[in-house]
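Everything below belongs to input04.pdb, which stores PDB, C-alpha atoms.
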ATOM      1  CA  MET A   1      82.218 100.487  92.365
ATOM      2  CA  LYS A   2      82.677  98.321  95.459
ATOM      3  CA  ARG A   3      85.552  96.306  94.111
ATOM      4  CA  HIS A   4      87.771  99.409  94.098
ATOM      5  CA  LEU A   5      87.433 100.084  97.826
ATOM      6  CA  THR A   6      90.163  97.613  98.749
ATOM      7  CA  ILE A   7      92.645  99.260  96.416
ATOM      8  CA  MET A   8      91.885 102.729  97.730
ATOM      9  CA  SER A   9      92.205 101.501 101.317
ATOM     10  CA  ALA A  10      95.563  99.988 100.454
ATOM     11  CA  ALA A  11      96.698 103.306  98.975
ATOM     12  CA  ALA A  12      95.660 105.087 102.164
ATOM     13  CA  ALA A  13      97.602 102.522 104.165
ATOM     14  CA  VAL A  14     100.692 103.398 102.138
ATOM     15  CA  VAL A  15     100.453 107.024 103.216
ATOM     16  CA  ILE A  16     100.058 106.023 106.865
ATOM     17  CA  ALA A  17     102.978 103.617 106.647
ATOM     18  CA  MET A  18     105.134 106.294 105.067
ATOM     19  CA  THR A  19     104.326 108.685 107.871
ATOM     20  CA  VAL A  20     105.344 106.108 110.461
ATOM     21  CA  SER A  21     108.409 104.768 108.711
ATOM     22  CA  GLY A  22     109.657 108.045 107.255
ATOM     23  CA  CYS A  23     110.281 106.157 103.990
ATOM     24  CA  GLY A  24     113.312 104.432 105.462
ATOM     25  CA  GLY A  25     115.370 101.723 103.843
ATOM     26  CA  SER A  26     118.349 101.956 101.569
ATOM     27  CA  ALA A  27     117.410 105.443 100.368
ATOM     28  CA  GLU A  28     118.631 106.710 103.720
ATOM     29  CA  ALA A  29     122.167 105.891 102.654
ATOM     30  CA  GLY A  30     121.915 108.881 100.363
ATOM     31  CA  ALA A  31     120.674 111.277 103.060
ATOM     32  CA  GLY A  32     121.887 114.770 102.385
ATOM     33  CA  GLY A  33     121.866 114.224  98.623
ATOM     34  CA  ALA A  34     124.532 114.610  96.018
ATOM     35  CA  ALA A  35     124.752 118.358  96.664
ATOM     36  CA  ALA A  36     126.016 117.644 100.176
ATOM     37  CA  GLY A  37     128.634 115.260  98.836
ATOM     38  CA  ALA A  38     127.033 112.161 100.289
ATOM     39  CA  THR A  39     127.542 108.761  98.669
ATOM     40  CA  GLU A  40     124.577 107.767  96.560
ATOM     41  CA  VAL A  41     122.803 104.427  96.888
ATOM     42  CA  LYS A  42     124.297 101.827  94.561
ATOM     43  CA  GLU A  43     122.065  98.875  95.428
ATOM     44  CA  LEU A  44     118.398  98.874  94.478
ATOM     45  CA  ARG A  45     115.968  96.519  96.190
ATOM     46  CA  TYR A  46     113.166  95.266  93.984
ATOM     47  CA  GLN A  47     110.552  92.572  93.410
ATOM     48  CA  GLY A  48     110.667  90.325  90.366
ATOM     49  CA  TRP A  49     108.152  88.167  88.516
ATOM     50  CA  ALA A  50     108.422  84.365  88.511
ATOM     51  CA  ASN A  51     109.671  82.766  85.279
ATOM     52  CA  THR A  52     110.182  86.227  83.791
ATOM     53  CA  VAL A  53     113.164  88.471  83.127
ATOM     54  CA  THR A  54     112.308  92.109  83.856
ATOM     55  CA  LEU A  55     113.870  95.035  82.038
ATOM     56  CA  PRO A  56     116.074  96.062  85.016
ATOM     57  CA  GLU A  57     117.305  92.460  85.297
ATOM     58  CA  LEU A  58     118.130  92.442  81.596
ATOM     59  CA  ALA A  59     119.803  95.849  81.877
ATOM     60  CA  GLN A  60     122.032  94.563  84.674
ATOM     61  CA  ASP A  61     122.972  91.442  82.723
ATOM     62  CA  LEU A  62     123.860  93.557  79.671
ATOM     63  CA  GLY A  63     126.039  95.845  81.796
ATOM     64  CA  TYR A  64     123.811  98.887  81.333
ATOM     65  CA  LEU A  65     123.535  99.618  85.069
ATOM     66  CA  GLY A  66     127.251 100.191  85.572
ATOM     67  CA  ASP A  67     128.095 100.154  89.275
ATOM     68  CA  VAL A  68     124.416 100.070  90.320
ATOM     69  CA  LYS A  69     123.412  96.604  91.505
ATOM     70  CA  LEU A  70     119.987  95.013  91.918
ATOM     71  CA  ASN A  71     118.953  93.248  95.122
ATOM     72  CA  TRP A  72     116.039  90.862  94.551
ATOM     73  CA  VAL A  73     113.844  90.618  97.675
ATOM     74  CA  GLY A  74     111.111  88.361  96.288
ATOM     75  CA  ASN A  75     108.429  88.150  93.608
ATOM     76  CA  THR A  76     105.091  89.876  93.105
ATOM     77  CA  ILE A  77     102.045  89.184  90.941
ATOM     78  CA  SER A  78     100.546  92.648  91.392
ATOM     79  CA  GLY A  79     101.607  96.023  90.044
ATOM     80  CA  PRO A  80      99.714  97.994  92.740
ATOM     81  CA  GLN A  81     101.442  95.941  95.437
ATOM     82  CA  ASP A  82     104.798  96.493  93.750
ATOM     83  CA  ILE A  83     104.533 100.292  93.722
ATOM     84  CA  GLN A  84     103.107 100.331  97.256
ATOM     85  CA  SER A  85     106.249  98.533  98.386
ATOM     86  CA  ALA A  86     108.342 101.213  96.706
ATOM     87  CA  ALA A  87     106.277 103.994  98.277
ATOM     88  CA  THR A  88     106.717 102.612 101.793
ATOM     89  CA  GLY A  89     110.467 102.048 101.416
ATOM     90  CA  GLN A  90     110.323  98.241 101.375
ATOM     91  CA  THR A  91     111.846  98.401  97.889
ATOM     92  CA  ASP A  92     113.509 101.156  95.912
ATOM     93  CA  PHE A  93     111.496 100.934  92.713
ATOM     94  CA  GLY A  94     108.320  99.293  91.509
ATOM     95  CA  GLY A  95     106.238  99.129  88.377
ATOM     96  CA  ALA A  96     102.508  99.170  87.738
ATOM     97  CA  PHE A  97      99.695 100.142  85.422
ATOM     98  CA  ALA A  98      99.556 103.921  84.891
ATOM     99  CA  GLY A  99      96.123 104.151  86.552
ATOM    100  CA  ALA A 100      97.470 102.469  89.673
ATOM    101  CA  VAL A 101     100.223 105.080  89.820
ATOM    102  CA  VAL A 102      97.566 107.799  89.662
ATOM    103  CA  LYS A 103      95.734 106.184  92.609
ATOM    104  CA  LEU A 104      98.863 106.106  94.718
ATOM    105  CA  VAL A 105      99.786 109.726  93.991
ATOM    106  CA  GLU A 106      96.191 110.899  94.532
ATOM    107  CA  ALA A 107      96.304 109.187  97.937
ATOM    108  CA  GLY A 108      99.336 111.303  98.826
ATOM    109  CA  ALA A 109     102.234 108.956  98.187
ATOM    110  CA  PRO A 110     105.378 110.884  97.120
ATOM    111  CA  VAL A 111     106.400 108.770  94.128
ATOM    112  CA  LYS A 112     107.212 109.749  90.568
ATOM    113  CA  ALA A 113     107.205 107.741  87.341
ATOM    114  CA  VAL A 114     110.556 107.791  85.522
ATOM    115  CA  ILE A 115     110.188 105.380  82.578
ATOM    116  CA  ASN A 116     107.559 103.171  80.962
ATOM    117  CA  TYR A 117     108.351  99.484  81.311
ATOM    118  CA  TYR A 118     105.490  97.705  79.583
ATOM    119  CA  GLY A 119     103.179  98.384  76.707
ATOM    120  CA  GLU A 120     101.029  96.860  74.002
ATOM    121  CA  ASP A 121     101.565  96.506  70.257
ATOM    122  CA  GLU A 122     100.429  94.199  67.479
ATOM    123  CA  LYS A 123     102.645  91.397  68.800
ATOM    124  CA  THR A 124     102.467  91.918  72.562
ATOM    125  CA  PHE A 125      99.114  92.678  74.169
ATOM    126  CA  ASN A 126      96.628  91.583  76.809
ATOM    127  CA  GLY A 127      93.743  89.539  75.500
ATOM    128  CA  PHE A 128      90.606  88.353  77.249
ATOM    129  CA  TYR A 129      90.122  84.665  76.604
ATOM    130  CA  VAL A 130      87.342  82.111  76.953
ATOM    131  CA  LYS A 131      87.014  78.437  76.137
ATOM    132  CA  GLU A 132      86.445  77.746  72.457
ATOM    133  CA  ASP A 133      82.853  76.626  73.050
ATOM    134  CA  SER A 134      81.985  79.524  75.391
ATOM    135  CA  PRO A 135      78.806  81.479  74.579
ATOM    136  CA  ILE A 136      80.657  84.746  75.342
ATOM    137  CA  ARG A 137      81.227  86.632  72.083
ATOM    138  CA  THR A 138      80.189  90.234  72.763
ATOM    139  CA  ALA A 139      80.485  92.744  75.588
ATOM    140  CA  ARG A 140      76.905  92.112  76.674
ATOM    141  CA  ASP A 141      77.657  88.397  77.083
ATOM    142  CA  PHE A 142      79.954  89.240  80.008
ATOM    143  CA  ILE A 143      77.023  90.331  82.189
ATOM    144  CA  GLY A 144      76.775  87.945  85.140
ATOM    145  CA  LYS A 145      80.089  86.275  84.281
ATOM    146  CA  LYS A 146      83.428  85.956  86.107
ATOM    147  CA  ILE A 147      86.653  87.304  84.593
ATOM    148  CA  ALA A 148      90.074  86.408  86.015
ATOM    149  CA  VAL A 149      92.509  89.304  86.511
ATOM    150  CA  ASN A 150      95.840  89.403  88.318
ATOM    151  CA  THR A 151      94.717  92.207  90.642
ATOM    152  CA  LEU A 152      91.861  94.667  91.077
ATOM    153  CA  GLY A 153      92.133  98.340  90.183
ATOM    154  CA  ALA A 154      94.858  97.839  87.608
ATOM    155  CA  HIS A 155      95.358  97.370  83.868
ATOM    156  CA  ALA A 156      92.883  94.566  83.198
ATOM    157  CA  ASP A 157      90.223  96.216  85.369
ATOM    158  CA  ALA A 158      90.491  99.518  83.481
ATOM    159  CA  VAL A 159      90.548  97.818  80.073
ATOM    160  CA  ILE A 160      87.485  95.684  80.838
ATOM    161  CA  ASN A 161      85.509  98.675  82.089
ATOM    162  CA  THR A 162      86.498 100.748  79.062
ATOM    163  CA  TYR A 163      85.534  97.907  76.709
ATOM    164  CA  LEU A 164      82.143  97.464  78.364
ATOM    165  CA  GLN A 165      81.448 101.212  78.381
ATOM    166  CA  LYS A 166      82.414 101.604  74.729
ATOM    167  CA  ASN A 167      80.036  98.783  73.854
ATOM    168  CA  GLY A 168      77.046 100.434  75.486
ATOM    169  CA  LEU A 169      76.747  98.738  78.873
ATOM    170  CA  SER A 170      75.305 100.874  81.664
ATOM    171  CA  ALA A 171      77.008 101.365  85.026
ATOM    172  CA  GLU A 172      74.530  98.923  86.613
ATOM    173  CA  GLU A 173      75.232  96.295  83.965
ATOM    174  CA  ILE A 174      78.987  96.700  84.379
ATOM    175  CA  LYS A 175      78.620  96.059  88.122
ATOM    176  CA  GLN A 176      77.244  92.624  87.252
ATOM    177  CA  VAL A 177      80.539  91.645  85.629
ATOM    178  CA  GLN A 178      82.575  90.047  88.433
ATOM    179  CA  LEU A 179      86.354  90.374  88.450
ATOM    180  CA  VAL A 180      88.132  87.530  90.254
ATOM    181  CA  VAL A 181      91.778  87.778  91.346
ATOM    182  CA  VAL A 182      93.757  84.822  89.974
ATOM    183  CA  PRO A 183      97.587  84.591  89.795
ATOM    184  CA  PRO A 184      98.670  84.994  86.148
ATOM    185  CA  ASN A 185     100.346  81.575  86.091
ATOM    186  CA  ASP A 186      97.022  79.969  87.093
ATOM    187  CA  THR A 187      94.680  81.908  84.800
ATOM    188  CA  GLU A 188      94.804  79.528  81.839
ATOM    189  CA  GLU A 189      93.863  76.535  83.974
ATOM    190  CA  ALA A 190      91.140  78.511  85.768
ATOM    191  CA  ILE A 191      89.520  79.188  82.384
ATOM    192  CA  ARG A 192      89.860  75.597  81.204
ATOM    193  CA  ARG A 193      88.410  74.175  84.444
ATOM    194  CA  GLY A 194      85.465  76.567  84.379
ATOM    195  CA  GLN A 195      86.432  78.270  87.629
ATOM    196  CA  VAL A 196      86.039  81.545  85.710
ATOM    197  CA  ASP A 197      84.236  82.297  82.464
ATOM    198  CA  ALA A 198      87.070  84.365  80.997
ATOM    199  CA  GLY A 199      90.524  85.583  81.886
ATOM    200  CA  SER A 200      93.123  88.175  81.042
ATOM    201  CA  LEU A 201      96.276  86.725  79.482
ATOM    202  CA  GLY A 202      99.325  88.559  78.204
ATOM    203  CA  GLY A 203     102.898  87.947  77.183
ATOM    204  CA  VAL A 204     104.347  84.466  77.244
ATOM    205  CA  LEU A 205     101.430  83.123  79.316
ATOM    206  CA  GLN A 206      99.035  84.182  76.568
ATOM    207  CA  ASP A 207     101.115  82.603  73.818
ATOM    208  CA  LYS A 208     101.532  79.391  75.774
ATOM    209  CA  ALA A 209      97.768  79.172  76.328
ATOM    210  CA  ILE A 210      97.073  79.724  72.635
ATOM    211  CA  ALA A 211      99.614  77.071  71.695
ATOM    212  CA  ASN A 212      97.827  74.608  73.983
ATOM    213  CA  GLY A 213      94.639  75.137  71.956
ATOM    214  CA  GLY A 214      91.006  75.271  72.992
ATOM    215  CA  LEU A 215      90.852  78.983  73.877
ATOM    216  CA  ARG A 216      89.818  82.016  71.837
ATOM    217  CA  SER A 217      90.043  85.769  72.318
ATOM    218  CA  VAL A 218      86.931  87.907  72.734
ATOM    219  CA  PHE A 219      88.855  91.215  72.603
ATOM    220  CA  SER A 220      92.239  92.735  73.434
ATOM    221  CA  ASP A 221      93.525  96.052  74.739
ATOM    222  CA  ALA A 222      95.489  96.577  71.518
ATOM    223  CA  GLU A 223      92.205  96.381  69.597
ATOM    224  CA  LEU A 224      90.800  99.108  71.839
ATOM    225  CA  PHE A 225      93.754 101.505  71.864
ATOM    226  CA  GLY A 226      96.344 100.434  69.297
ATOM    227  CA  THR A 227     100.004 100.638  70.364
ATOM    228  CA  PHE A 228     100.338 102.279  73.783
ATOM    229  CA  ALA A 229     102.380 102.387  76.990
ATOM    230  CA  GLY A 230     100.742 100.512  79.841
ATOM    231  CA  GLY A 231     102.689 101.487  82.929
ATOM    232  CA  PRO A 232     105.881 103.002  84.368
ATOM    233  CA  TYR A 233     108.461 102.302  87.018
ATOM    234  CA  VAL A 234     108.241 104.691  89.962
ATOM    235  CA  LEU A 235     110.723 105.789  92.605
ATOM    236  CA  ARG A 236     110.112 107.800  95.744
ATOM    237  CA  THR A 237     110.704 111.503  95.282
ATOM    238  CA  ASP A 238     113.057 111.602  98.272
ATOM    239  CA  PHE A 239     115.106 108.786  96.732
ATOM    240  CA  ILE A 240     115.360 110.686  93.453
ATOM    241  CA  ALA A 241     116.423 113.885  95.231
ATOM    242  CA  LYS A 242     119.110 112.101  97.252
ATOM    243  CA  ASN A 243     120.293 109.829  94.445
ATOM    244  CA  PRO A 244     119.988 111.667  91.117
ATOM    245  CA  ASN A 245     122.941 109.915  89.473
ATOM    246  CA  THR A 246     121.754 106.466  90.507
ATOM    247  CA  THR A 247     118.275 107.368  89.278
ATOM    248  CA  ARG A 248     119.707 108.390  85.902
ATOM    249  CA  THR A 249     121.819 105.231  85.663
ATOM    250  CA  PHE A 250     118.811 103.037  86.458
ATOM    251  CA  THR A 251     116.389 104.850  84.140
ATOM    252  CA  THR A 252     118.793 105.094  81.214
ATOM    253  CA  GLY A 253     119.832 101.469  81.701
ATOM    254  CA  VAL A 254     116.213 100.343  81.447
ATOM    255  CA  ALA A 255     115.768 102.510  78.327
ATOM    256  CA  LYS A 256     118.802 100.844  76.762
ATOM    257  CA  ALA A 257     117.393  97.415  77.624
ATOM    258  CA  ILE A 258     114.114  98.358  75.906
ATOM    259  CA  GLU A 259     115.982  99.292  72.743
ATOM    260  CA  TRP A 260     118.177  96.173  72.961
ATOM    261  CA  GLU A 261     115.048  93.998  72.973
ATOM    262  CA  ARG A 262     113.602  96.004  70.091
ATOM    263  CA  THR A 263     116.671  95.685  67.853
ATOM    264  CA  THR A 264     118.005  92.239  68.761
ATOM    265  CA  PRO A 265     116.911  89.101  66.874
ATOM    266  CA  ARG A 266     114.123  87.267  68.712
ATOM    267  CA  GLU A 267     116.118  84.049  69.125
ATOM    268  CA  GLU A 268     118.970  85.957  70.746
ATOM    269  CA  VAL A 269     116.609  87.724  73.172
ATOM    270  CA  ILE A 270     115.072  84.402  74.234
ATOM    271  CA  ALA A 271     118.520  82.842  74.664
ATOM    272  CA  ARG A 272     119.599  85.747  76.870
ATOM    273  CA  PHE A 273     116.442  85.490  78.989
ATOM    274  CA  THR A 274     116.990  81.748  79.395
ATOM    275  CA  LYS A 275     120.584  82.233  80.496
ATOM    276  CA  ILE A 276     119.582  84.842  83.087
ATOM    277  CA  LEU A 277     116.801  82.627  84.442
ATOM    278  CA  GLN A 278     119.051  79.602  84.776
ATOM    279  CA  GLU A 279     121.963  81.459  86.336
ATOM    280  CA  ARG A 280     120.016  83.287  89.057
ATOM    281  CA  GLY A 281     118.933  80.051  90.747
ATOM    282  CA  ARG A 282     115.308  80.767  91.698
ATOM    283  CA  ASN A 283     114.022  77.316  90.711
ATOM    284  CA  GLU A 284     112.115  78.677  87.707
ATOM    285  CA  ASN A 285     110.889  77.093  84.479
ATOM    286  CA  PRO A 286     112.216  78.782  81.325
ATOM    287  CA  ALA A 287     109.853  76.896  78.982
ATOM    288  CA  ALA A 288     107.433  79.814  78.522
ATOM    289  CA  LEU A 289     110.225  82.156  77.378
ATOM    290  CA  GLN A 290     110.110  80.620  73.898
ATOM    291  CA  TYR A 291     106.828  82.459  73.312
ATOM    292  CA  TRP A 292     108.338  85.947  73.746
ATOM    293  CA  LYS A 293     107.567  88.169  70.731
ATOM    294  CA  SER A 294     108.375  91.834  71.375
ATOM    295  CA  VAL A 295     109.205  94.375  74.067
ATOM    296  CA  GLY A 296     105.868  96.164  73.563
ATOM    297  CA  VAL A 297     107.090  99.399  75.160
ATOM    298  CA  PRO A 298     106.993 102.471  72.892
ATOM    299  CA  ALA A 299     110.425 103.774  71.909
ATOM    300  CA  LYS A 300     112.914 104.407  74.714
ATOM    301  CA  GLY A 301     110.272 104.169  77.430
ATOM    302  CA  GLU A 302     109.441 107.874  77.162
ATOM    303  CA  ILE A 303     106.422 108.855  79.283
ATOM    304  CA  LYS A 304     103.708 111.107  77.841
ATOM    305  CA  ASP A 305     100.583 112.788  79.204
ATOM    306  CA  GLU A 306      98.300 110.406  77.298
ATOM    307  CA  ASP A 307      99.754 107.422  79.157
ATOM    308  CA  PHE A 308      97.664 108.673  82.088
ATOM    309  CA  THR A 309      94.840 110.670  80.476
ATOM    310  CA  ARG A 310      93.866 107.605  78.417
ATOM    311  CA  TRP A 311      92.278 106.246  81.586
ATOM    312  CA  GLY A 312      90.669 109.535  82.662
ATOM    313  CA  LYS A 313      87.038 108.400  82.416
ATOM    314  CA  TRP A 314      87.699 105.171  84.330
ATOM    315  CA  LEU A 315      89.616 107.090  86.999
ATOM    316  CA  LYS A 316      86.741 109.541  87.456
ATOM    317  CA  ASP A 317      83.998 106.897  87.309
ATOM    318  CA  THR A 318      85.693 104.921  90.087
ATOM    319  CA  GLY A 319      86.210 108.013  92.242
ATOM    320  CA  ILE A 320      89.991 107.876  92.108
ATOM    321  CA  VAL A 321      90.263 111.330  90.561
ATOM    322  CA  LYS A 322      87.807 113.966  91.778
ATOM    323  CA  GLY A 323      88.728 116.951  89.608
ATOM    324  CA  GLU A 324      90.868 117.321  86.516
ATOM    325  CA  LEU A 325      93.761 114.913  86.105
ATOM    326  CA  ASP A 326      97.152 116.681  86.002
ATOM    327  CA  PRO A 327      99.561 114.198  84.386
ATOM    328  CA  LYS A 328     102.561 116.533  84.665
ATOM    329  CA  LYS A 329     102.802 115.938  88.410
ATOM    330  CA  LEU A 330     102.984 112.184  87.897
ATOM    331  CA  TYR A 331     106.137 111.714  85.850
ATOM    332  CA  THR A 332     109.471 113.010  84.608
ATOM    333  CA  ASN A 333     111.663 112.081  81.614
ATOM    334  CA  GLU A 334     114.574 114.033  83.109
ATOM    335  CA  PHE A 335     116.561 110.945  84.041
ATOM    336  CA  ASN A 336     116.065 109.004  80.803
ATOM    337  CA  GLY A 337     119.342 109.601  78.985
ATOM    338  CA  LEU A 338     118.024 108.236  75.694
ATOM    339  CA  VAL A 339     115.189 110.785  75.732
ATOM    340  CA  ASN A 340     116.988 113.662  77.465
ATOM    341  CA  GLY A 341     120.411 113.493  75.884
TER     342      GLY A 341
END
What's the structure tokens form of this structure?
Amino acid sequence: MKRHLTIMSAAAAVVIAMTVSGCGGSAEAGAGGAAAGATEVKELRYQGWANTVTLPELAQDLGYLGDVKLNWVGNTISGPQDIQSAATGQTDFGGAFAGAVVKLVEAGAPVKAVINYYGEDEKTFNGFYVKEDSPIRTARDFIGKKIAVNTLGAHADAVINTYLQKNGLSAEEIKQVQLVVVPPNDTEEAIRRGQVDAGSLGGVLQDKAIANGGLRSVFSDAELFGTFAGGPYVLRTDFIAKNPNTTRTFTTGVAKAIEWERTTPREEVIARFTKILQERGRNENPAALQYWKSVGVPAKGEIKDEDFTRWGKWLKDTGIVKGELDPKKLYTNEFNGLVNG
């Protein structure tokens, strides 16, 4: 479909940029690798999310990253953009929807997924919301309508297409459903003002919107798939080769943060998030943190084949994957100490 061309072009641009830049950046500090006795990178550049505490940020605050430090270089609202930045060496790690990782690897980017960082369960999921009085109640009602998503070619895009396909819409009918890119923090208001007919909302933004009243869910990804992992963090393969110990520290630290969120009382998790937000001085509003419910990520962040094959039909229908999808080339659990001893 036409709306995927921009994403594929961006993926191609990543490969070109990597060729020109040689994947420079802080990874070069580890040139020669641990086997040659070189000092490994101990500072990881990354992008955050406004008004949100990411798992690596939590891991650092809890002391799970040891002597590895995080260097925040700005925020993102797009998973595909985040992993593209990692692939081109602008950052050292990035996270995105599993299908977006497939796109990047299929385009030739040398990145590998090391741990899942978000997922859906009965408490934490992405729902597709409309105004209470909206006529949209079934999949067919979305024909000719506008749906707000945070970016094209990612989680919401794949979920919407899967939902429409499962409910009998043809390829031509699905093309008539228009996806509109809207920043997540603006999606609720875009729905309420009628700028879009529906919108994807997840996490604290979803709970805040529900608490404000006047919106209802048409469907959710958890209703389609049950509990599942949505997307992993990726690192460049050259970074992993040159910095295996740092990679293990980072990956295991994130896994520990996942389990800390899972086993810690909700009020304590929210208090910790609030403290981190206030202390880092990014002029953020912690109000939405009160709506946090669960980590969502399946146990320990372990990556499995089905995290990618789940989206196989969508990947083939959009031309991202031409032949058979080989998930084994996309990820490794080697550096997750909670999974791999």
*asked:* Could you tell me, as a list in words, exactly which residues end up selected when the PyMOL selection byres ((chain A and resi 199) around 8) is applied to this structure?
replied: Phe128, Tyr129, Val130, Ile147, Ala148, Val149, Thr187, Glu188, Ile191, Val196, Asp197, Ala198, Ser200 and Leu201 of chain A
Please save C-alpha atoms of the selected residues as an mmCIF file, in the coordinates of the input.
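In the end it all went to again_22.cif:
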data_model
loop_
_atom_site.group_PDB
_atom_site.id
_atom_site.type_symbol
_atom_site.label_atom_id
_atom_site.label_comp_id
_atom_site.auth_asym_id
_atom_site.auth_seq_id
_atom_site.Cartn_x
_atom_site.Cartn_y
_atom_site.Cartn_z
ATOM 1 C CA PHE A 128 90.606 88.353 77.249
ATOM 2 C CA TYR A 129 90.122 84.665 76.604
ATOM 3 C CA VAL A 130 87.342 82.111 76.953
ATOM 4 C CA ILE A 147 86.653 87.304 84.593
ATOM 5 C CA ALA A 148 90.074 86.408 86.015
ATOM 6 C CA VAL A 149 92.509 89.304 86.511
ATOM 7 C CA THR A 187 94.680 81.908 84.800
ATOM 8 C CA GLU A 188 94.804 79.528 81.839
ATOM 9 C CA ILE A 191 89.520 79.188 82.384
ATOM 10 C CA VAL A 196 86.039 81.545 85.710
ATOM 11 C CA ASP A 197 84.236 82.297 82.464
ATOM 12 C CA ALA A 198 87.070 84.365 80.997
ATOM 13 C CA SER A 200 93.123 88.175 81.042
ATOM 14 C CA LEU A 201 96.276 86.725 79.482
#
Could you build a table of the residues in stretch 224-337 of chain A lying no more than 10 Å from stretch 209-219 of chain A, giving for each the nearest pair of atoms and their separation in Å rounded to one decimal place, using all atoms listed in the file, ordered by chain and ascending residue number, as JSON lines?
{"residue": "A:Leu224", "atom": "CA", "partner": "A:Phe219", "partner_atom": "CA", "distance": 8.2}
{"residue": "A:Ala288", "atom": "CA", "partner": "A:Ala209", "partner_atom": "CA", "distance": 9.9}
{"residue": "A:Tyr291", "atom": "CA", "partner": "A:Ala211", "partner_atom": "CA", "distance": 9.1}
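Excluding A:Asn245 itself and any same-chain residue fewer than 4 positions from it, the protein and nucleic acid residues within 9 Å of it, counting all atoms listed in the file, are Ala34, Glu40, Ile240, Thr249, Phe250 and Phe335 of chain A.
When all atoms listed in the file are used to measure the gap to A:Asp305, the shortest distance among A:Ala113, A:Asn185, A:Arg192, A:Val269 belongs to A:Ala113.
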_Running the PyMOL selection byres ((chain A and resi 41-47) around 9) on this model by hand, what would come out? Give it as a VMD selection string._
chain A and resid 26 to 30 39 to 40 48 to 49 67 to 76 82 85 to 86 90 to 94 239 242 to 243 246
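Residue nearest A:Lys304, chosen from A:Asn116, A:Glu189, A:Asp238, A:Gly153 and counting only C-alpha atoms: A:Asn116.
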_Once the PyMOL selection byres ((chain A and resi 254-263) around 9) has been evaluated on this model, what residues remain selected, and can you format them as a ChimeraX atom specification?_
/A:55-60,62,64-65,115-117,249-253,264-266,269,294-302,336-339
